[in-house]
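The next block is data-v6.cif, given as mmCIF, C-alpha atoms.
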data_structure
#
loop_
_atom_site.label_atom_id
_atom_site.label_comp_id
_atom_site.auth_asym_id
_atom_site.auth_seq_id
_atom_site.Cartn_x
_atom_site.Cartn_y
_atom_site.Cartn_z
CA MET A 1 -5.51 -5.96 -12.60
CA ARG A 2 -8.81 -7.27 -11.25
CA ALA A 3 -11.11 -4.99 -9.29
CA TRP A 4 -13.73 -6.51 -7.01
CA ARG A 5 -16.54 -4.95 -5.08
CA HIS A 6 -19.50 -6.68 -3.55
CA HIS A 7 -22.25 -4.53 -2.17
CA GLU A 8 -20.57 -2.54 0.57
CA ARG A 9 -18.45 -5.27 2.16
CA LEU A 10 -14.92 -6.30 1.53
CA LEU A 11 -14.34 -9.73 0.04
CA LEU A 12 -11.46 -10.88 2.20
CA ARG A 13 -10.72 -14.38 3.42
CA PRO A 14 -7.65 -15.55 5.32
CA HIS A 15 -5.16 -17.41 3.15
CA ARG A 16 -3.96 -20.76 4.48
CA SER A 17 -2.03 -23.41 2.69
CA GLY A 18 -1.45 -26.90 3.97
CA THR A 19 -1.08 -27.13 7.72
CA GLU A 20 0.67 -23.78 8.21
CA ARG A 21 -0.93 -21.26 10.51
CA ALA A 22 -1.50 -17.73 9.20
CA GLY A 23 0.90 -16.23 11.76
CA GLU A 24 3.75 -18.37 10.48
CA GLN A 25 3.18 -17.05 6.96
CA ARG A 26 3.69 -13.41 7.93
CA ILE A 27 7.00 -11.60 7.91
CA TRP A 28 7.41 -8.67 10.27
CA THR A 29 10.11 -6.04 10.14
CA ARG A 30 12.57 -5.91 13.04
CA ILE A 31 14.01 -2.60 14.18
CA ASN A 32 17.20 -4.32 15.36
CA ASP A 33 17.66 -6.19 12.05
CA LEU A 34 16.29 -4.19 9.11
CA ASP A 35 17.77 -6.63 6.59
CA TYR A 36 15.85 -9.60 8.05
CA PRO A 37 12.71 -9.45 5.85
CA ASP A 38 14.67 -8.71 2.68
CA ASN A 39 17.12 -11.56 3.31
CA LEU A 40 14.40 -14.01 4.32
CA CYS A 41 12.24 -13.25 1.28
CA GLN A 42 15.22 -13.57 -1.03
CA GLU A 43 16.15 -16.89 0.61
CA LEU A 44 12.57 -18.14 0.17
CA GLY A 45 12.43 -17.05 -3.48
CA GLY A 46 10.10 -14.08 -3.01
CA ILE A 47 6.67 -13.51 -1.54
CA ASP A 48 3.67 -15.63 -2.48
CA THR A 49 0.95 -13.04 -1.75
CA LEU A 50 1.48 -9.43 -0.74
CA TRP A 51 -1.48 -8.11 1.26
CA ALA A 52 -1.13 -4.35 1.14
CA GLY A 53 -3.00 -1.45 2.61
CA VAL A 54 -2.81 1.64 0.43
CA GLY A 55 -2.78 5.25 1.61
CA CYS A 56 -4.62 8.16 0.03
CA LYS A 57 -1.46 9.27 -1.78
CA GLY A 58 -0.66 5.78 -3.02
CA LEU A 59 1.77 4.66 -0.33
CA VAL A 60 2.10 0.92 0.20
CA ALA A 61 3.15 -0.11 3.71
CA PHE A 62 5.07 3.06 4.64
CA CYS A 63 6.75 3.34 1.23
CA GLU A 64 5.56 6.87 0.66
CA PRO A 65 6.03 8.99 -2.44
CA PRO A 66 9.53 10.47 -2.36
CA ARG A 67 9.20 14.20 -1.71
CA ARG A 68 12.77 15.43 -1.48
CA TYR A 69 13.32 17.82 -4.36
CA SER A 70 17.08 17.60 -3.94
CA CYS A 71 17.04 13.84 -4.49
CA ARG A 72 15.32 12.54 -7.62
CA LEU A 73 14.81 8.78 -7.91
CA SER A 74 13.95 6.79 -10.99
CA ILE A 75 11.16 4.22 -10.83
CA GLU A 76 13.78 1.46 -10.97
CA GLU A 77 15.76 2.96 -8.07
CA TYR A 78 12.59 3.23 -5.98
CA ALA A 79 11.56 -0.31 -6.96
CA ASN A 80 14.91 -1.56 -5.58
CA SER A 81 14.45 0.09 -2.16
CA LYS A 82 15.19 -2.04 0.89
CA THR A 83 13.49 -2.29 4.28
CA ARG A 84 14.33 0.90 6.14
CA VAL A 85 13.31 3.58 8.64
CA VAL A 86 11.43 6.41 6.90
CA ASP A 87 10.22 9.88 7.82
CA LEU A 88 6.44 10.02 7.56
CA ASN A 89 4.95 12.62 5.24
CA GLU A 90 2.63 15.17 6.83
CA ASP A 91 -0.49 13.78 5.15
CA THR A 92 0.26 10.33 6.60
CA ILE A 93 0.63 11.83 10.07
CA VAL A 94 -2.72 13.61 9.62
CA ALA A 95 -4.44 10.42 8.44
CA LEU A 96 -3.01 8.30 11.28
CA SER A 97 -3.86 10.92 13.89
CA GLN A 98 -7.46 11.21 12.65
CA ARG A 99 -7.99 7.46 12.40
CA THR A 100 -6.22 6.42 15.60
CA PHE A 101 -5.83 9.32 18.02
CA GLY A 102 -8.81 11.61 17.45
CA GLY A 103 -6.70 14.12 15.55
CA CYS A 104 -3.94 14.37 18.17
CA TYR A 105 -0.91 14.74 15.87
CA ASP A 106 1.55 14.59 18.76
CA ARG A 107 0.68 10.92 19.34
CA VAL A 108 1.86 9.80 15.88
CA PRO A 109 5.54 8.90 15.68
CA PRO A 110 7.30 10.89 12.93
CA LYS A 111 9.12 7.79 11.67
CA ALA A 112 8.20 4.23 10.75
CA VAL A 113 9.84 1.02 9.54
CA THR A 114 8.73 -0.03 6.08
CA LEU A 115 9.27 -3.11 4.00
CA GLY A 116 11.23 -2.17 0.89
CA PHE A 117 9.64 -2.18 -2.53
CA LYS A 118 12.26 -4.65 -3.80
CA THR A 119 10.90 -7.29 -1.44
CA MET A 120 7.25 -6.36 -2.08
CA LEU A 121 7.77 -6.54 -5.84
CA SER A 122 9.10 -10.10 -5.53
CA ALA A 123 5.50 -11.24 -4.88
CA LYS A 124 3.70 -13.58 -7.25
CA ARG A 125 0.43 -11.79 -6.52
CA ALA A 126 -0.71 -8.70 -4.64
CA VAL A 127 -4.00 -7.81 -3.01
CA TYR A 128 -4.73 -4.12 -2.33
CA MET A 129 -7.21 -3.24 0.38
CA ILE A 130 -8.71 0.24 0.03
CA ALA A 131 -11.98 0.92 1.81
CA THR A 132 -12.34 4.29 3.49
CA GLY A 133 -14.81 6.02 1.19
CA SER A 134 -14.13 9.49 -0.14
CA TRP A 135 -10.74 9.65 1.58
CA LYS A 136 -9.30 7.21 -0.99
CA GLN A 137 -11.49 7.55 -4.08
CA THR A 138 -8.73 9.19 -6.12
CA VAL A 139 -6.06 6.62 -5.27
CA VAL A 140 -8.40 3.84 -6.45
CA ARG A 141 -8.72 5.53 -9.85
CA VAL A 142 -4.98 6.17 -10.06
CA ALA A 143 -4.18 2.56 -9.07
CA LEU A 144 -6.52 1.21 -11.74
CA PHE A 145 -5.73 3.52 -14.64
CA SER A 146 -2.33 5.18 -14.22
CA GLU A 147 1.03 4.24 -15.65
CA PRO A 148 3.74 3.66 -13.00
CA THR A 149 4.66 6.90 -11.25
CA LEU A 150 6.52 7.73 -8.05
CA GLU A 151 3.81 10.23 -7.17
CA TYR A 152 1.62 7.18 -6.40
CA PRO A 153 3.90 4.22 -5.51
CA VAL A 154 0.95 1.79 -5.65
CA THR A 155 1.11 2.12 -9.45
CA LEU A 156 4.42 0.24 -9.50
CA LEU A 157 2.91 -3.05 -8.35
CA PRO A 158 1.15 -4.01 -11.63
CA LYS A 159 4.38 -3.34 -13.56
CA TYR A 160 6.32 -5.95 -11.54
CA ILE A 161 3.70 -8.31 -10.05
CA PRO A 162 1.80 -10.48 -12.53
CA ASP A 163 -1.45 -10.89 -10.53
CA VAL A 164 -2.85 -7.82 -8.75
CA THR A 165 -6.32 -7.61 -7.19
CA LEU A 166 -8.02 -4.55 -5.72
CA PHE A 167 -10.64 -4.94 -2.99
CA CYS A 168 -12.75 -1.91 -2.13
CA ASN A 169 -16.27 -0.98 -1.15
CA VAL A 170 -18.78 0.88 -3.34
CA ASP A 171 -18.21 4.25 -1.65
CA THR A 172 -14.48 4.05 -2.30
CA ALA A 173 -14.90 2.88 -5.91
CA ASP A 174 -17.16 5.85 -6.70
CA HIS A 175 -15.60 9.23 -7.54
CA PRO A 176 -17.04 12.73 -7.88
CA MET A 177 -15.42 13.08 -11.32
CA SER A 178 -17.67 10.22 -12.49
CA HIS A 179 -20.70 12.46 -11.98
CA GLU A 180 -21.77 15.80 -13.36
CA ILE A 181 -20.75 18.42 -10.83
CA LYS A 182 -22.44 21.83 -10.91
CA GLY A 183 -20.07 24.12 -9.07
CA TRP A 184 -19.50 24.48 -5.38
#
As structure tokens, what does this structure read like?
Amino acid sequence: MRAWRHHERLLLRPHRSGTERAGEQRIWTRINDLDYPDNLCQELGGIDTLWAGVGCKGLVAFCEPPRRYSCRLSIEEYANSKTRVVDLNEDTIVALSQRTFGGCYDRVPPKAVTLGFKTMLSAKRAVYMIATGSWKQTVVRVALFSEPTLEYPVTLLPKYIPDVTLFCNVDTADHPMSHEIKGW
């Protein structure tokens, strides 16, 4: 995995190939046809580049860590997940409400549509974008140094995708555990 940081700015450029417009290269989920992105990506032979935002607990898209104690999944079962409607975890609702609605939790829908990991893992390359400072410092470390674990789904990508790049700013790449801490 390659990690890039450049001063305090993200190094992101739109990807265009040939004469295609960027909008034509994107695949969006459809609530009335959840199988559409999975079928289209399979028909096209996979995804060229997966651009993925990553949450503080390692979620990719809305593929959150499974938290049902009555239902244990293996990494392979999770990696084969399809596009679906999911219940949002409480920490995701908190993050979305803080970032978008000034902390008004009631404005955040409790469910979302997420692209399945099976389709995401068909990518030839993946680019993570993590740049919110201290809120995501731990997930950067986990993404870079952890073995695949369902606790942080982002760790599955390097196991299945041959070329993974992480973009983040300096504040997000830093971590308190990198420094000597003298109590509270």
Exercise for the section: Give as a ChimeraX atom specification the set of residues within 12 Å of the point (-16.8, 8.3, -9.0), where distances use the file's coordinates and all atoms listed in the file. Expected result: /A:133-134,136-141,170-181
Handout entry: Pick from A:Lys118, A:Lys182, A:Lys159, A:Arg72 nearest to Gly46 of chain A, counting all atoms listed in the file
Key =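 Under the stated criterion, the closest residue is A:Lys118.
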Practice task
Compile the contact shell of Pro162 of chain A as JSON, numbers by chain: residues with an atom at most 10 Å away, counting all atoms listed in the file, same-chain residues fewer than 3 positions apart removed.
Solution key: {"A": [1, 121, 123, 124, 125, 126, 157, 158, 159]}
As JSON, please: the centre and edge lengths in Å, to one decimal, of an axis-aligned box enclosing every listed atom of segment 87-90 of chain A with 6 Å added on each side.
{"center_x": 6.4, "center_y": 12.5, "center_z": 6.5, "size_x": 19.6, "size_y": 17.3, "size_z": 14.6}
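Distances to Ile47 of chain A were evaluated for A:Thr149, A:Thr132, A:Thr119, A:Gln98 using all atoms listed in the file, and the minimum falls at A:Thr119.
Shortest atom-to-atom contact with Cys63 of chain A among A:Ala112, A:Met129, A:Val94, A:Ile31: A:Ala112, counting all atoms listed in the file.
Closest approach to Val164 of chain A from the set A:Tyr128, A:Tyr78, A:Phe62, A:Phe101 is made by A:Tyr128, with distances taken over all atoms listed in the file.
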